[in-house]
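Have a look at the structure below, then the notes.
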Amino acid sequence: MTDAVNKGRRDFLSVASVGGAAAALGVFGISPAMAAGIAAGRSEKPLKAAFSNAGLQATWCAQGKSAAEYWGKLFNVEVTWFDGQLDAVKQRAAIDNMASQKWDFVAIQAFGIGTLTQPVQKMIDAGIPVIDMDTLIAPLDKINVHAFLAPDNEFMGASVTQALVAKLGGKGNMIMTQGALGHTGAQGRAKGFEAVVKQNPGIKVLDTQPADWDVTKTARLWETYLTKYPQIDAAFFHNDDMALAAYNVMKAHNRTNILIGGVDAMPPAINAVADGRMFATVRNPSCRIHGGAIIAGVAAVTAGEKTGPGIPKNIIADGPVVTKANAPGMLWMEDHFLI
């Protein structure tokens, strides 16, 4: 598969180096604004960009870093990383450091809404384009970011929950393990879950505690659940890392009959869906969000695109539900950094 992956990347890069790449990227959901950056080509001069996401302990964030660096090389952008470490206080210190330096553009996924507003505003005031990724830095009417690239979190939560409920025939005991409650993505996923449960009175929700994207905290929660609840039919997790951490606890307790749904469709989770350890996940397109931030940043700098009516403020990066039927194809797409 490695040869096929390398060939696919080379072929895609040859397309991405010419104006026709805009149409090619449209197949994968890249917005017209992002495609304009492709059409303009790589920056003639080296650009310096600063990136931060919630924490590289999370598989989604680590994949996003790889994608940003890959697309950065394609577009002549040197990417410097400021790790959020899955901690709002530590990320704030990192972004304060970022804001003390000069960048051509920056891209940030905040650990929680409102935690980074002051240093981000400082960069915006200095004329640095700021691309917001995945979760709101602050409400869009409160801070003038260049653009906000994110999935439809409510759809993701609802679609996976619906898949679980359908498999249960609309009856059973469920648990939702949430991410960080201050994360707007987690808030949307919870809304999607709750909307589906509300339509299915045969579903009883046993618990909805947050685990803050932390696999150790997730394991502790699920040790308690498996002792407390003799019957758990399904579980929805706000990301795949937590889902797989809980599966290991379930396996140790011989409770692997619980249907598991996750979010992100990371390679370990797709493999788990393929072999039956997980029932479903949904793609939160880390590669397109982080790669799209590179494209949007380059366009802002080299083409002089300024935030305003011509630039979509909220760009949705969508992704499908992943089941055993489409898992192999999803793995191939991720290997090519296209989703």
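Chain labels follow the order of the structure tokens: the first chain is A, the next B, and so on; residue numbering restarts at 1 in every chain, and ligands are counted from 1 in their shown order.
When the distance limit is 6 Å and only C-alpha atoms are what count, the residues near segment 260-270 of chain A, minus those fewer than 3 positions from it on the same chain, are Ala234, Ala235, Phe236, Phe237, His238, Asn239, Asp240, Ala243, Val273, Met278, Phe279, Ala280, Thr281, Val282, Arg283, Asn284 and Ala327 of chain A.
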Those same residues, written as a PDB file, in the first residue's frame with C-alpha atoms?
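What follows is the written file result18.pdb:
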```pdb
ATOM      1  CA  ALA A 234     -24.306   1.383  23.596  1.00  0.00           C
ATOM      2  CA  ALA A 235     -21.883   4.224  24.195  1.00  0.00           C
ATOM      3  CA  PHE A 236     -21.191   7.407  22.256  1.00  0.00           C
ATOM      4  CA  PHE A 237     -17.799   9.082  22.681  1.00  0.00           C
ATOM      5  CA  HIS A 238     -16.893  12.589  21.542  1.00  0.00           C
ATOM      6  CA  ASN A 239     -13.665  11.307  20.028  1.00  0.00           C
ATOM      7  CA  ASP A 240     -12.140   8.010  18.960  1.00  0.00           C
ATOM      8  CA  ALA A 243     -13.788   5.312  22.593  1.00  0.00           C
ATOM      9  CA  VAL A 273     -14.770  -0.446  12.961  1.00  0.00           C
ATOM     10  CA  MET A 278     -16.296  -0.272  17.269  1.00  0.00           C
ATOM     11  CA  PHE A 279     -19.648  -0.035  15.515  1.00  0.00           C
ATOM     12  CA  ALA A 280     -19.247   3.361  13.860  1.00  0.00           C
ATOM     13  CA  THR A 281     -17.378   6.657  13.791  1.00  0.00           C
ATOM     14  CA  VAL A 282     -17.702   9.810  11.696  1.00  0.00           C
ATOM     15  CA  ARG A 283     -15.004  11.724   9.870  1.00  0.00           C
ATOM     16  CA  ASN A 284     -13.937  14.997  11.399  1.00  0.00           C
ATOM     17  CA  ALA A 327     -13.873   1.675   6.278  1.00  0.00           C
TER      18      ALA A 327
END
```
Any chance you could list, as a PyMOL selection string, the residues in segment 296-331 of chain A that come up helix (DSSP H, G or I) when DSSP is run on the backbone?
chain A and resi 296-302+327-331
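From atom CA of Asp318 of chain A back to atom CA of Ser159 of chain A, the distance works out to 12.2 Å.
For the pair atom CA of Phe105 of chain A and atom CA of Pro285 of chain A, the interatomic distance is 21.3 Å.
The interatomic distance for the pair atom CA of Lys217 of chain A and atom CA of Ile289 of chain A works out to 27.1 Å.
If only C-alpha atoms are the atoms counted, then among A:Lys171, A:Lys48, A:Arg288, A:His146 the closest residue to Ser66 of chain A is A:Arg288.
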If we count only C-alpha atoms, what is near segment 312-314 of chain A at a cut-off of 7 Å, once residues fewer than 6 positions away on the same chain are taken out, given as a PDB file with N, CA and C atoms, in the first residue's frame?
```
ATOM      1  N   HIS A 146      -9.931  35.605  10.385  1.00  0.00           N
ATOM      2  CA  HIS A 146     -10.002  35.593   8.927  1.00  0.00           C
ATOM      3  C   HIS A 146     -11.085  34.641   8.446  1.00  0.00           C
ATOM      4  N   ALA A 147     -11.123  33.455   9.031  1.00  0.00           N
ATOM      5  CA  ALA A 147     -12.136  32.460   8.693  1.00  0.00           C
ATOM      6  C   ALA A 147     -12.152  31.397   9.780  1.00  0.00           C
ATOM      7  N   PHE A 148     -13.265  30.689   9.871  1.00  0.00           N
ATOM      8  CA  PHE A 148     -13.445  29.606  10.840  1.00  0.00           C
ATOM      9  C   PHE A 148     -13.697  28.320  10.064  1.00  0.00           C
ATOM     10  N   LEU A 149     -12.750  27.371  10.144  1.00  0.00           N
ATOM     11  CA  LEU A 149     -12.861  26.091   9.454  1.00  0.00           C
ATOM     12  C   LEU A 149     -13.240  25.028  10.470  1.00  0.00           C
TER      13      LEU A 149
END
```
Residue neighbourhood Lys122 of chain A, 12 Å, only C-alpha atoms, exclusion window fewer than 3 positions, as a PDB file with N, CA and C atoms, in the first residue's frame:
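After the write, result-v3.pdb holds the following:
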```
ATOM      1  N   ILE A  95       0.055  30.460  23.529  1.00  0.00           N
ATOM      2  CA  ILE A  95      -0.456  31.473  22.592  1.00  0.00           C
ATOM      3  C   ILE A  95       0.026  32.866  22.993  1.00  0.00           C
ATOM      4  N   ASP A  96       0.209  33.122  24.277  1.00  0.00           N
ATOM      5  CA  ASP A  96       0.834  34.378  24.693  1.00  0.00           C
ATOM      6  C   ASP A  96       2.231  34.484  24.083  1.00  0.00           C
ATOM      7  N   ASN A  97       2.961  33.375  24.091  1.00  0.00           N
ATOM      8  CA  ASN A  97       4.287  33.333  23.471  1.00  0.00           C
ATOM      9  C   ASN A  97       4.186  33.554  21.968  1.00  0.00           C
ATOM     10  N   MET A  98       3.224  32.899  21.332  1.00  0.00           N
ATOM     11  CA  MET A  98       3.001  33.079  19.896  1.00  0.00           C
ATOM     12  C   MET A  98       2.740  34.551  19.568  1.00  0.00           C
ATOM     13  N   ALA A  99       1.899  35.184  20.377  1.00  0.00           N
ATOM     14  CA  ALA A  99       1.485  36.565  20.100  1.00  0.00           C
ATOM     15  C   ALA A  99       2.621  37.563  20.290  1.00  0.00           C
ATOM     16  N   SER A 100       3.707  37.152  20.938  1.00  0.00           N
ATOM     17  CA  SER A 100       4.850  38.048  21.137  1.00  0.00           C
ATOM     18  C   SER A 100       5.792  38.052  19.936  1.00  0.00           C
ATOM     19  N   GLN A 101       5.469  37.242  18.915  1.00  0.00           N
ATOM     20  CA  GLN A 101       6.343  37.101  17.751  1.00  0.00           C
ATOM     21  C   GLN A 101       5.604  37.539  16.477  1.00  0.00           C
ATOM     22  N   LYS A 102       6.368  37.663  15.391  1.00  0.00           N
ATOM     23  CA  LYS A 102       5.828  38.100  14.115  1.00  0.00           C
ATOM     24  C   LYS A 102       5.597  36.892  13.206  1.00  0.00           C
ATOM     25  N   LEU A 116      -8.513  32.140  24.783  1.00  0.00           N
ATOM     26  CA  LEU A 116      -7.371  32.709  24.062  1.00  0.00           C
ATOM     27  C   LEU A 116      -7.675  34.072  23.439  1.00  0.00           C
ATOM     28  N   THR A 117      -8.789  34.653  23.797  1.00  0.00           N
ATOM     29  CA  THR A 117      -9.268  35.854  23.110  1.00  0.00           C
ATOM     30  C   THR A 117      -8.246  36.998  23.123  1.00  0.00           C
ATOM     31  N   GLN A 118      -7.659  37.284  24.272  1.00  0.00           N
ATOM     32  CA  GLN A 118      -6.766  38.448  24.379  1.00  0.00           C
ATOM     33  C   GLN A 118      -5.528  38.333  23.497  1.00  0.00           C
ATOM     34  N   PRO A 119      -4.749  37.239  23.565  1.00  0.00           N
ATOM     35  CA  PRO A 119      -3.571  37.173  22.686  1.00  0.00           C
ATOM     36  C   PRO A 119      -3.929  37.070  21.210  1.00  0.00           C
ATOM     37  N   ASP A 125      -4.902  42.653  15.762  1.00  0.00           N
ATOM     38  CA  ASP A 125      -4.625  44.096  15.770  1.00  0.00           C
ATOM     39  C   ASP A 125      -3.295  44.404  15.086  1.00  0.00           C
ATOM     40  N   ALA A 126      -2.362  43.443  15.121  1.00  0.00           N
ATOM     41  CA  ALA A 126      -1.055  43.628  14.473  1.00  0.00           C
ATOM     42  C   ALA A 126      -1.113  43.328  12.978  1.00  0.00           C
ATOM     43  N   GLY A 127      -2.300  42.975  12.471  1.00  0.00           N
ATOM     44  CA  GLY A 127      -2.466  42.723  11.048  1.00  0.00           C
ATOM     45  C   GLY A 127      -2.161  41.291  10.621  1.00  0.00           C
ATOM     46  N   ILE A 128      -2.063  40.383  11.574  1.00  0.00           N
ATOM     47  CA  ILE A 128      -1.779  38.978  11.249  1.00  0.00           C
ATOM     48  C   ILE A 128      -3.097  38.247  11.003  1.00  0.00           C
ATOM     49  N   PRO A 129      -3.286  37.639   9.820  1.00  0.00           N
ATOM     50  CA  PRO A 129      -4.506  36.852   9.595  1.00  0.00           C
ATOM     51  C   PRO A 129      -4.552  35.649  10.542  1.00  0.00           C
ATOM     52  N   VAL A 130      -5.680  35.464  11.209  1.00  0.00           N
ATOM     53  CA  VAL A 130      -5.861  34.352  12.143  1.00  0.00           C
ATOM     54  C   VAL A 130      -6.956  33.433  11.610  1.00  0.00           C
ATOM     55  N   ILE A 143     -14.937  38.472  17.602  1.00  0.00           N
ATOM     56  CA  ILE A 143     -13.532  38.512  17.213  1.00  0.00           C
ATOM     57  C   ILE A 143     -13.442  38.336  15.701  1.00  0.00           C
ATOM     58  N   ASN A 144     -12.622  39.156  15.069  1.00  0.00           N
ATOM     59  CA  ASN A 144     -12.590  39.205  13.604  1.00  0.00           C
ATOM     60  C   ASN A 144     -11.518  38.264  13.041  1.00  0.00           C
ATOM     61  N   VAL A 145     -11.712  36.963  13.236  1.00  0.00           N
ATOM     62  CA  VAL A 145     -10.793  36.004  12.628  1.00  0.00           C
ATOM     63  C   VAL A 145     -10.977  36.032  11.112  1.00  0.00           C
TER      64      VAL A 145
END
```
Nearest candidate to Glu69 of chain A (options A:Trp222, A:Phe193, A:Trp332, A:Trp81; using only C-alpha atoms):
A:Trp81
Using only C-alpha atoms, find each residue of segment 94-209 of chain A with at least one atom at most 12 Å away from an atom of segment 73-77 of chain A; report its shortest atom-to-atom pair and that distance in Å (one decimal), sort the rows by chain and rising residue number, and return the result as a Markdown table.
```
| residue | atom | partner | partner_atom | distance |
| --- | --- | --- | --- | --- |
| A:Trp103 | CA | A:Val77 | CA | 10.8 |
| A:Asp104 | CA | A:Val77 | CA | 9.3 |
| A:Phe105 | CA | A:Val77 | CA | 9.9 |
| A:Val106 | CA | A:Val77 | CA | 11.2 |
```
Using backbone DSSP assignments, extract all strand (DSSP E) residues from segment 220-298 of chain A; output them as a PyMOL selection string.
chain A and resi 234-237+259-261+281-282
Would you output that residue set with C-alpha atoms, as a compact mmCIF listing (two decimals), in the first residue's frame?
```
# COMPACT_ATOMS: atom_id res chain seq x y z
CA ALA A 234 -24.31 1.38 23.60
CA ALA A 235 -21.88 4.22 24.20
CA PHE A 236 -21.19 7.41 22.26
CA PHE A 237 -17.80 9.08 22.68
CA LEU A 259 -21.93 -0.96 20.81
CA ILE A 260 -19.34 1.81 20.52
CA GLY A 261 -19.60 4.98 18.45
CA THR A 281 -17.38 6.66 13.79
CA VAL A 282 -17.70 9.81 11.70
```
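In this comparison, which uses only C-alpha atoms, the residue of A:Ala195, A:Leu140, A:Cys287, A:Ile311 approaching Met333 of chain A most closely is A:Cys287.
Proximity to Val196 of chain A was assessed for A:Trp71, A:Trp213, A:Tyr225, A:Phe155 counting only C-alpha atoms; the smallest distance is recorded for A:Phe155.
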Neighbours of Leu206 of chain A within 9 Å (only C-alpha atoms; same-chain residues fewer than 6 positions away dropped), as a short mmCIF file (atom, residue, chain, number, x, y, z; two decimals) with N, CA and C atoms, in the first residue's frame?
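Everything below was put into result.cif:
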```cif
data_model
loop_
_atom_site.label_atom_id
_atom_site.label_comp_id
_atom_site.auth_asym_id
_atom_site.auth_seq_id
_atom_site.Cartn_x
_atom_site.Cartn_y
_atom_site.Cartn_z
N ASN A 173 -30.00 1.00 26.92
CA ASN A 173 -29.30 1.90 27.84
C ASN A 173 -28.04 2.43 27.16
N MET A 174 -27.87 3.77 27.20
CA MET A 174 -26.72 4.39 26.55
C MET A 174 -25.98 5.31 27.51
N ILE A 175 -24.69 5.48 27.23
CA ILE A 175 -23.86 6.45 27.94
C ILE A 175 -23.18 7.33 26.89
N MET A 176 -23.11 8.63 27.18
CA MET A 176 -22.33 9.54 26.36
C MET A 176 -21.13 10.01 27.18
N TYR A 229 -23.32 -0.21 36.37
CA TYR A 229 -24.45 -0.52 35.48
C TYR A 229 -24.30 -1.92 34.89
N ILE A 232 -25.41 -2.07 29.85
CA ILE A 232 -25.10 -0.93 28.99
C ILE A 232 -25.11 -1.45 27.57
#
```
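Checking A:Asn254, A:Thr80, A:Thr135, A:Asn326 one by one against Ala186 of chain A, counting only C-alpha atoms, you find the shortest gap at A:Thr135.
Among the candidates A:Met242, A:Val120, A:Ala180, A:Ala49, the residue lying nearest to Asp87 of chain A is A:Ala180 (atoms considered: only C-alpha atoms).
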